[in-house]
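Student: Data file protein02.txt (compact mmCIF, C-alpha atoms) is appended below.
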```txt
# COMPACT_ATOMS: atom_id res chain seq x y z
CA MET A 286 17.03 -34.29 29.16
CA SER A 287 18.73 -33.83 32.51
CA ASN A 288 17.17 -31.64 35.17
CA SER A 289 20.59 -30.10 35.86
CA ILE A 290 21.03 -26.47 34.89
CA ASN A 291 23.54 -25.65 32.18
CA SER A 292 26.51 -23.57 33.37
CA SER A 293 25.84 -20.99 30.64
CA VAL A 294 22.36 -20.47 32.09
CA GLU A 295 23.87 -19.95 35.55
CA THR A 296 26.32 -17.39 34.15
CA PHE A 297 23.44 -15.63 32.36
CA CYS A 298 21.54 -15.52 35.65
CA SER A 299 24.55 -13.97 37.41
CA GLU A 300 24.84 -11.29 34.72
CA ILE A 301 21.18 -10.35 35.18
CA GLY A 302 21.57 -10.11 38.93
CA THR A 303 18.91 -8.84 41.28
CA GLU A 304 18.96 -5.05 40.85
CA GLY A 305 18.60 -2.40 38.18
CA PRO A 306 16.71 -2.30 34.87
CA VAL A 307 17.85 -5.04 32.50
CA ALA A 308 16.88 -6.51 29.13
CA VAL A 309 18.12 -9.15 26.69
CA GLU A 310 19.51 -7.96 23.38
CA GLY A 311 19.14 -10.47 20.55
CA GLY A 312 19.14 -9.99 16.79
CA LYS A 313 16.98 -6.83 17.00
CA THR A 314 14.79 -8.02 14.11
CA ARG A 315 11.66 -6.94 16.02
CA TRP A 316 13.30 -4.28 18.19
CA ASN A 317 10.72 -1.61 17.31
CA LEU A 318 7.70 -3.56 18.61
CA ASN A 319 5.79 -2.78 21.80
CA GLY A 320 7.87 0.18 22.94
CA PHE A 321 11.59 0.74 23.46
CA PRO A 322 13.77 -0.10 26.48
CA SER A 323 14.34 2.80 28.86
CA GLU A 324 17.58 4.77 28.48
CA ASN A 325 19.14 3.44 31.68
CA THR A 326 18.50 -0.22 30.78
CA ARG A 327 21.47 -2.57 30.99
CA PHE A 328 21.62 -5.11 28.14
CA VAL A 329 22.78 -8.71 28.37
CA LYS A 330 23.16 -11.50 25.81
CA ALA A 331 21.41 -14.83 26.23
CA PRO A 332 23.62 -17.95 26.06
CA GLU A 333 24.01 -19.79 22.74
CA GLY A 334 24.12 -23.45 21.77
CA ILE A 335 22.04 -26.52 21.02
CA LEU A 336 22.03 -28.79 24.06
CA SER A 337 20.22 -31.83 22.65
CA ALA A 338 18.14 -32.84 19.65
CA LYS A 339 15.96 -35.96 19.75
CA PRO A 340 14.25 -36.47 16.38
CA ASP A 341 12.65 -39.75 17.53
CA GLU A 342 10.93 -37.85 20.33
CA MET A 343 10.48 -34.72 18.15
CA ILE A 344 12.03 -32.31 20.66
CA VAL A 345 15.08 -30.06 20.78
CA THR A 346 16.59 -28.26 23.78
CA VAL A 347 18.45 -25.07 22.96
CA LEU A 348 19.87 -21.97 24.62
CA THR A 349 17.84 -18.94 23.63
CA GLY A 350 20.66 -16.79 22.28
CA THR A 351 21.00 -19.25 19.39
CA SER A 352 19.73 -17.95 16.06
CA VAL A 353 16.69 -19.61 14.53
CA ALA A 354 18.68 -20.06 11.31
CA GLU A 355 21.44 -21.96 13.14
CA LEU A 356 18.90 -24.18 14.90
CA HIS A 357 17.12 -25.02 11.65
CA LYS A 358 20.43 -25.71 9.89
CA GLU A 359 21.33 -28.30 12.53
CA LEU A 360 17.84 -29.79 12.67
CA GLY A 361 17.73 -29.96 8.86
CA GLN A 362 20.54 -32.50 8.96
CA LEU A 363 18.21 -34.66 11.06
CA GLY A 364 15.24 -34.09 8.75
CA GLN A 365 13.49 -31.93 11.35
CA ARG A 366 12.26 -28.35 11.73
CA THR A 367 10.37 -26.18 14.25
CA CYS A 368 7.52 -23.72 13.85
CA LEU A 369 9.77 -20.75 14.70
CA PRO A 370 9.81 -18.10 11.96
CA GLU A 371 13.11 -17.57 10.14
CA ARG A 372 13.54 -13.78 10.15
CA GLY A 373 17.16 -13.45 11.18
CA GLY A 374 16.57 -13.33 14.93
CA THR A 375 17.28 -15.49 17.95
CA ILE A 376 15.13 -18.17 19.51
CA GLY A 377 14.62 -16.06 22.62
CA GLY A 378 13.49 -13.13 20.50
CA ALA A 379 11.07 -15.29 18.54
CA LEU A 380 9.54 -16.62 21.76
CA ALA A 381 9.39 -13.17 23.36
CA VAL A 382 7.54 -11.69 20.38
CA GLY A 383 5.39 -14.79 19.85
CA GLU A 384 4.82 -14.16 16.14
CA ASN A 385 3.90 -17.33 14.24
CA ASP A 386 5.53 -18.49 11.02
CA LEU A 387 3.85 -17.61 7.72
CA SER A 388 2.95 -21.30 7.27
CA VAL A 389 1.39 -21.59 10.70
CA LEU A 390 -1.44 -23.85 9.50
CA GLY A 391 1.14 -26.50 8.68
CA LYS A 392 3.87 -25.86 11.24
CA GLY A 393 1.70 -25.04 14.23
CA ARG A 394 1.61 -22.10 16.65
CA ILE A 395 4.71 -20.99 18.49
CA ARG A 396 3.04 -20.93 21.93
CA ASP A 397 1.95 -24.56 21.57
CA SER A 398 5.44 -25.68 20.53
CA VAL A 399 7.20 -24.69 23.77
CA LEU A 400 7.33 -27.69 26.11
CA GLN A 401 9.73 -26.32 28.71
CA LEU A 402 11.23 -22.91 29.40
CA ARG A 403 13.99 -21.82 31.74
CA TYR A 404 14.00 -18.11 32.48
CA VAL A 405 15.54 -15.73 34.98
CA SER A 406 13.04 -14.00 37.24
CA ALA A 407 13.09 -10.38 38.42
CA ASP A 408 14.69 -11.47 41.71
CA GLY A 409 17.53 -13.20 39.87
CA LYS A 410 16.42 -16.82 40.18
CA ILE A 411 16.35 -19.53 37.50
CA ILE A 412 12.78 -20.74 37.05
CA THR A 413 11.83 -23.89 35.13
CA SER A 414 8.31 -24.32 33.75
CA GLY A 415 6.98 -27.31 31.85
CA ALA A 416 8.68 -30.60 31.04
CA PRO A 417 10.67 -31.87 28.03
CA VAL A 418 7.99 -34.30 26.89
CA VAL A 419 5.33 -33.92 24.22
CA LYS A 420 2.51 -35.10 26.50
CA ASN A 421 3.07 -32.62 29.31
CA VAL A 422 0.03 -32.04 31.54
CA SER A 423 1.64 -31.34 34.92
CA GLY A 424 1.98 -28.02 36.70
CA PHE A 425 1.11 -24.50 35.61
CA ASN A 426 1.74 -23.49 32.00
CA LEU A 427 3.94 -20.52 32.86
CA HIS A 428 6.01 -21.16 29.74
CA LYS A 429 2.96 -20.52 27.56
CA LEU A 430 2.28 -17.28 29.44
CA MET A 431 5.87 -16.21 28.82
CA VAL A 432 5.60 -16.59 25.03
CA GLY A 433 4.67 -13.20 23.62
CA SER A 434 5.45 -11.35 26.88
CA PHE A 435 8.33 -9.33 25.30
CA GLY A 436 10.64 -10.11 28.19
CA THR A 437 8.54 -8.19 30.71
CA LEU A 438 7.86 -11.19 32.99
CA GLY A 439 11.14 -13.10 32.74
CA LEU A 440 14.32 -13.24 30.65
CA PHE A 441 14.59 -16.44 28.63
CA ALA A 442 17.67 -18.66 28.90
CA GLU A 443 16.78 -22.14 27.63
CA ALA A 444 13.84 -23.73 25.80
CA THR A 445 12.69 -27.21 24.87
CA ILE A 446 10.68 -26.98 21.66
CA ARG A 447 8.57 -29.44 19.74
CA THR A 448 9.94 -30.35 16.30
CA ASN A 449 8.34 -32.02 13.30
CA PRO A 450 9.67 -33.78 10.18
CA ILE A 451 10.53 -31.68 7.15
CA PRO A 452 7.89 -32.53 4.51
CA ILE A 453 9.10 -34.52 1.50
CA THR A 454 7.26 -32.15 -0.84
CA SER A 455 6.67 -28.42 -0.36
CA LYS A 456 5.11 -26.30 -3.11
CA TRP A 457 3.45 -22.90 -3.51
CA PHE A 458 0.60 -22.26 -5.98
CA THR A 459 -1.16 -19.06 -6.97
CA ALA A 460 -4.17 -17.88 -8.97
CA ALA A 461 -6.40 -14.85 -9.29
CA SER A 462 -9.34 -15.18 -6.91
CA LYS A 463 -11.68 -13.12 -4.79
CA ASP A 464 -12.86 -16.14 -2.78
CA PRO A 465 -9.99 -17.48 -0.62
CA GLN A 466 -12.48 -19.12 1.74
CA LYS A 467 -13.37 -21.62 -1.01
CA VAL A 468 -9.75 -22.78 -1.08
CA PHE A 469 -9.69 -23.07 2.73
CA ASP A 470 -12.91 -25.12 2.72
CA ASN A 471 -11.81 -27.52 -0.04
CA THR A 472 -8.12 -28.23 0.62
CA TYR A 473 -6.87 -30.67 3.26
CA LYS A 474 -4.48 -29.18 5.81
CA PRO A 475 -2.75 -26.52 3.70
CA SER A 476 0.30 -24.98 5.38
CA ALA A 477 -0.76 -21.48 4.35
CA ILE A 478 -3.42 -19.67 2.35
CA LEU A 479 -2.61 -16.03 1.62
CA TRP A 480 -4.77 -13.44 -0.12
CA ASP A 481 -4.31 -9.81 -1.16
CA GLY A 482 -7.87 -9.14 -2.25
CA GLU A 483 -7.28 -10.30 -5.82
CA THR A 484 -4.78 -13.18 -5.71
CA VAL A 485 -4.52 -16.33 -3.61
CA TRP A 486 -1.30 -18.16 -2.71
CA VAL A 487 -1.51 -21.70 -1.32
CA HIS A 488 1.30 -23.61 0.39
CA LEU A 489 0.93 -27.40 0.19
CA GLU A 490 3.27 -29.76 2.05
CA GLY A 491 3.45 -33.49 2.66
CA HIS A 492 4.00 -36.69 0.74
CA LYS A 493 4.09 -36.24 -3.03
CA PRO A 494 0.82 -38.14 -3.78
CA ASP A 495 -1.04 -36.05 -1.17
CA VAL A 496 0.32 -32.77 -2.54
CA GLU A 497 -0.59 -33.83 -6.11
CA LYS A 498 -4.11 -34.66 -4.98
CA GLN A 499 -4.52 -31.26 -3.36
CA LYS A 500 -3.03 -29.61 -6.44
CA ASN A 501 -5.76 -31.28 -8.54
CA THR A 502 -8.34 -29.91 -6.11
CA LEU A 503 -6.91 -26.42 -6.64
CA LEU A 504 -7.12 -26.84 -10.42
CA GLU A 505 -10.83 -27.62 -10.04
CA ILE A 506 -11.26 -24.33 -8.18
CA GLY A 507 -9.16 -22.05 -10.41
CA ASN A 508 -6.22 -21.67 -12.78
CA TYR A 509 -3.53 -22.33 -10.21
CA GLU A 510 0.13 -22.34 -11.21
CA GLU A 511 3.20 -23.33 -9.22
CA VAL A 512 5.41 -20.44 -8.04
CA GLU A 513 8.69 -20.11 -6.14
CA GLY A 514 7.22 -19.01 -2.84
CA ALA A 515 5.10 -16.59 -0.86
CA PRO A 516 4.54 -12.95 -1.84
CA GLY A 517 6.38 -10.10 -0.15
CA LEU A 518 4.71 -8.89 3.02
CA PRO A 519 3.85 -5.27 3.88
CA ARG A 520 5.36 -3.69 6.99
CA TYR A 521 2.62 -3.72 9.62
CA ARG A 522 1.14 -6.81 11.22
CA TRP A 523 -2.54 -6.86 12.21
CA SER A 524 -4.35 -9.37 14.38
CA ILE A 525 -8.11 -9.75 13.92
CA PRO A 526 -10.70 -12.55 14.28
CA PRO A 527 -10.08 -15.14 11.51
CA ALA A 528 -13.67 -14.82 10.25
CA ASP A 529 -13.15 -11.09 9.62
CA VAL A 530 -10.10 -11.49 7.38
CA ILE A 531 -12.02 -11.88 4.12
CA ARG A 532 -13.93 -8.65 4.87
CA VAL A 533 -10.85 -6.45 5.12
CA LYS A 534 -10.86 -3.31 2.92
CA ARG A 535 -7.87 -1.63 1.29
CA LYS A 536 -9.15 1.78 2.40
CA ASP A 537 -8.38 0.64 5.95
CA THR A 538 -5.16 -1.30 5.37
CA GLY A 539 -3.58 -0.05 2.16
CA ASN A 540 -2.01 -2.96 0.30
CA PHE A 541 -2.36 -6.10 2.39
CA VAL A 542 -1.66 -9.82 2.53
CA ALA A 543 -4.02 -11.81 4.73
CA SER A 544 -3.49 -15.26 6.23
CA ILE A 545 -6.80 -17.09 5.74
CA GLY A 546 -7.95 -19.19 8.70
CA VAL A 547 -5.42 -17.53 11.02
CA GLY A 548 -6.48 -13.91 11.58
CA THR A 549 -3.17 -12.28 10.66
CA ILE A 550 -2.86 -9.47 8.11
CA TRP A 551 0.26 -7.70 6.90
CA ALA A 552 -0.65 -4.19 5.76
CA ASP A 553 0.80 -0.88 4.57
CA LYS A 554 -1.01 0.96 7.37
CA PRO A 555 -0.70 0.28 11.12
CA GLN A 556 -3.69 -1.24 12.85
CA ASN A 557 -5.84 1.19 14.82
CA ARG A 558 -5.49 0.54 18.52
CA LYS A 559 -8.79 -0.45 20.08
CA GLU A 560 -9.79 0.52 23.57
CA ILE A 561 -8.67 -2.26 25.91
CA ASP A 562 -11.19 -3.77 28.29
CA PRO A 563 -10.38 -2.43 31.79
CA ALA A 564 -10.59 -5.98 33.16
CA ILE A 565 -7.82 -7.10 30.78
CA THR A 566 -5.67 -4.13 31.79
CA GLN A 567 -6.20 -4.96 35.45
CA ILE A 568 -5.15 -8.60 34.91
CA THR A 569 -2.10 -7.57 32.87
CA ASN A 570 -0.96 -5.06 35.49
CA SER A 571 -1.53 -7.58 38.26
CA LEU A 572 0.62 -10.18 36.47
CA LYS A 573 3.38 -7.65 35.96
CA ARG A 574 3.38 -6.76 39.65
CA GLU A 575 3.52 -10.42 40.64
CA PHE A 576 6.38 -11.32 38.28
CA ASP A 577 8.30 -8.02 38.38
CA PRO A 578 7.33 -5.87 41.39
CA THR A 579 10.04 -3.24 40.78
CA GLY A 580 9.59 -3.08 37.00
CA ARG A 581 13.23 -3.93 36.25
CA LEU A 582 12.63 -6.39 33.39
CA ASN A 583 12.65 -4.73 29.97
CA PRO A 584 11.31 -1.37 31.24
CA GLY A 585 9.70 0.69 28.51
CA ARG A 586 8.14 -2.28 26.75
CA HIS A 587 4.69 -3.74 27.21
CA ALA A 588 3.35 -7.21 26.51
```
Using structure tokens, write down the structure that the file contains.

Tutor:
Amino acid sequence: MSNSINSSVETFCSEIGTEGPVAVEGGKTRWNLNGFPSENTRFVKAPEGILSAKPDEMIVTVLTGTSVAELHKELGQLGQRTCLPERGGTIGGALAVGENDLSVLGKGRIRDSVLQLRYVSADGKIITSGAPVVKNVSGFNLHKLMVGSFGTLGLFAEATIRTNPIPITSKWFTAASKDPQKVFDNTYKPSAILWDGETVWVHLEGHKPDVEKQKNTLLEIGNYEEVEGAPGLPRYRWSIPPADVIRVKRKDTGNFVASIGVGTIWADKPQNRKEIDPAITQITNSLKREFDPTGRLNPGRHA
């Protein structure tokens, strides 16, 4: 990839400018998370387009206004995919929210997939963090800090993301079970293990012989049957320590679907907000002041 800056990124930077509250408007699929933009916020659109795809190097460089669906459609023709969740939104939105795909155990975490990020800073400059190579160990990992920041530290313009081959075989299995940990302990690299307190769903991907072998392992554990896909997910997303997932109670969550080994729960009830350690608040506020002294980036939201 060239170090030159795409003209669309430069135009995006000019639109953001150096003054006044501003935010990026994408697909709005997660618009209700972490607060709402202030009433006087000016909205801009991130540039769209796939700049380069290198399946041999397992990387793709894309402008962040591109939809995840469009990216995956193009990569699918090359036999590749990313770990970005397909929920109708843009790449920039997915990175800003930082929510992992349902099959995170197989696809990997979104923060780890970002190799390079170009964003526009609060003072209207184009900043590049990272490098478009898989083995990137140079410099500060600002791009990893940006993932999940909800656009409060910088407005994303371009990203280089790690890709991986689309598995030859991909199958979901389900069975009644109250012990999802047994499945986690006895299957080799499942892409997802979901549990609602009574039923387990397992996503197996890979070469056909490997998937068949893991299927036989499942049959030794329980009466697993192949199904079309994952269950529907409740509205609210919880984040808890992975070890605590199997101890979740419906009286606290309502109906739930838990991701075993990950620490994510989708529940009918919102998660109770815990008191934040003052030291964490101090660090967060300090970062915000350093990156956005006047508070012009996505005002009203919090990371």

Student: At what distance in Å, to one decimal, does atom CA of Arg532 of chain A lie from atom CA of Leu387 of chain A?

Tutor: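 Separation of atom CA of Leu387 of chain A and atom CA of Arg532 of chain A: 20.1 Å.
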
Student: Taking (19.8, -16.4, 20.2) in the file's own coordinates, collect the residues within 8 Å, counting all atoms listed in the file, and hand them back as a list in words.

Tutor: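 I get Gly311, Gly312, Ala331, Pro332, Glu333, Leu348, Thr349, Gly350, Thr351, Ser352, Val353, Gly374, Thr375, Ile376, Gly377 and Gly378 of chain A for the residues within 8 Å of that point.
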
Student: For the residues in that selection, give me C-alpha atoms as a PDB file, in the frame of the given file.

Tutor:
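Saved the output as out_22.pdb:
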```pdb
ATOM      1  CA  GLY A 311      19.140 -10.470  20.550  1.00  0.00           C
ATOM      2  CA  GLY A 312      19.140  -9.990  16.790  1.00  0.00           C
ATOM      3  CA  ALA A 331      21.410 -14.830  26.230  1.00  0.00           C
ATOM      4  CA  PRO A 332      23.620 -17.950  26.060  1.00  0.00           C
ATOM      5  CA  GLU A 333      24.010 -19.790  22.740  1.00  0.00           C
ATOM      6  CA  LEU A 348      19.870 -21.970  24.620  1.00  0.00           C
ATOM      7  CA  THR A 349      17.840 -18.940  23.630  1.00  0.00           C
ATOM      8  CA  GLY A 350      20.660 -16.790  22.280  1.00  0.00           C
ATOM      9  CA  THR A 351      21.000 -19.250  19.390  1.00  0.00           C
ATOM     10  CA  SER A 352      19.730 -17.950  16.060  1.00  0.00           C
ATOM     11  CA  VAL A 353      16.690 -19.610  14.530  1.00  0.00           C
ATOM     12  CA  GLY A 374      16.570 -13.330  14.930  1.00  0.00           C
ATOM     13  CA  THR A 375      17.280 -15.490  17.950  1.00  0.00           C
ATOM     14  CA  ILE A 376      15.130 -18.170  19.510  1.00  0.00           C
ATOM     15  CA  GLY A 377      14.620 -16.060  22.620  1.00  0.00           C
ATOM     16  CA  GLY A 378      13.490 -13.130  20.500  1.00  0.00           C
TER      17      GLY A 378
END
```

Student: Give me the residues of segment 440-534 of chain A that have any atom at most 10 Å from an atom of segment 391-399 of chain A; for each, the nearest atom pair and the distance in Å, rounded to one decimal. Use all atoms listed in the file, sort by chain and number, and format it as CSV.

Tutor:
```
residue,atom,partner,partner_atom,distance
A:Ala444,CA,A:Val399,CA,7.0
A:Thr445,CA,A:Val399,CA,6.1
A:Ile446,CA,A:Val399,CA,4.7
A:Arg447,CA,A:Ser398,CA,5.0
A:Thr448,CA,A:Ser398,CA,7.7
A:Asn449,CA,A:Lys392,CA,7.9
A:Pro450,CA,A:Lys392,CA,9.9
A:Ile451,CA,A:Lys392,CA,9.7
A:Pro452,CA,A:Gly391,CA,10.0
A:Lys474,CA,A:Gly391,CA,6.9
A:Pro475,CA,A:Gly391,CA,6.3
A:Ser476,CA,A:Gly391,CA,3.7
A:Ala477,CA,A:Gly391,CA,6.9
A:His488,CA,A:Gly391,CA,8.8
A:Leu489,CA,A:Gly391,CA,8.5
A:Glu490,CA,A:Gly391,CA,7.7
A:Gly491,CA,A:Gly391,CA,9.5
```

Student: Could you check how far atom CA of Lys339 of chain A sits from atom CA of Lys410 of chain A, in Å to one decimal?

Tutor: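 The value is 28.0 Å.
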
Student: Smallest atom-to-atom distance to Arg535 of chain A: which of A:Tyr404, A:Trp551, A:Phe321, A:Tyr509, using only C-alpha atoms?

Tutor: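 Ranking A:Tyr404, A:Trp551, A:Phe321, A:Tyr509 by distance to Arg535 of chain A, first place goes to A:Trp551.
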
Student: How many Å separate atom CA of Glu359 of chain A from atom CA of Gly373 of chain A?

Tutor: 15.5 Å

Student: Looking at A:Glu304, A:Glu483, A:Glu371, A:Asp577, which one is nearest to Lys358 of chain A, with distances taken over all atoms listed in the file?

Tutor: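 Under the stated criterion, the closest residue is A:Glu371.
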
Student: If you count all atoms listed in the file, which residues fall within 8 Å of Ala379 of chain A, apart from same-chain ones fewer than 5 positions away, as JSON, numbers by chain?

Tutor: {"A": [369, 370, 374, 384]}

Student: Using all atoms listed in the file, can you tell me which of A:Asn317, A:Thr303, A:Thr484, A:Asn557 comes closest to Asp408 of chain A?

Tutor: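 The shortest atom-to-atom distance to Asp408 of chain A comes from A:Thr303.
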
Student: Could you tell me which of A:Ile478, A:Val382, A:Ala515, A:Ile506 comes closest to Leu430 of chain A if we count only C-alpha atoms?

Tutor: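 Among A:Ile478, A:Val382, A:Ala515, A:Ile506, it is A:Val382 that comes nearest to Leu430 of chain A.
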
Student: Using all atoms listed in the file, determine which residues lie at most 9 Å from Pro516 of chain A, disregarding the query and same-chain residues fewer than 4 positions distant; provide the list as a PyMOL selection string.

Tutor: chain A and resi 479+486+542

Student: Write the residues of the selection above to a file with C-alpha atoms, as a CSV table (one decimal), in the coordinates of the input.

Tutor:
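Final output, again.csv:
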```
chain,number,residue,atom,x,y,z
A,479,LEU,CA,-2.6,-16.0,1.6
A,486,TRP,CA,-1.3,-18.2,-2.7
A,542,VAL,CA,-1.7,-9.8,2.5
```

Student: Could you check the closest approach to Ile545 of chain A for each of A:Trp480, A:Phe297, A:Trp316, A:Phe576 and tell me which residue wins, using all atoms listed in the file?

Tutor: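 Distance minimum relative to Ile545 of chain A lands on A:Trp480.
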
Student: Ranking A:Leu440, A:Gly433, A:Ile301, A:Arg372 by minimum distance to Ala354 of chain A and counting all atoms listed in the file, which one comes first?

Tutor: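 Of the candidates, the smallest distance to Ala354 of chain A is held by A:Arg372.
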
Student: Mind running segment 413-471 of chain A against segment 518-528 of chain A at 12 Å and telling me each contacting residue's nearest atom pair with the distance in Å (one decimal), counting only C-alpha atoms, chain and number ascending, as a tab-separated table?

Tutor:
```
residue	atom	partner	partner_atom	distance
A:Pro465	CA	A:Ala528	CA	11.8
A:Gln466	CA	A:Ala528	CA	9.6
A:Phe469	CA	A:Pro527	CA	11.8
```
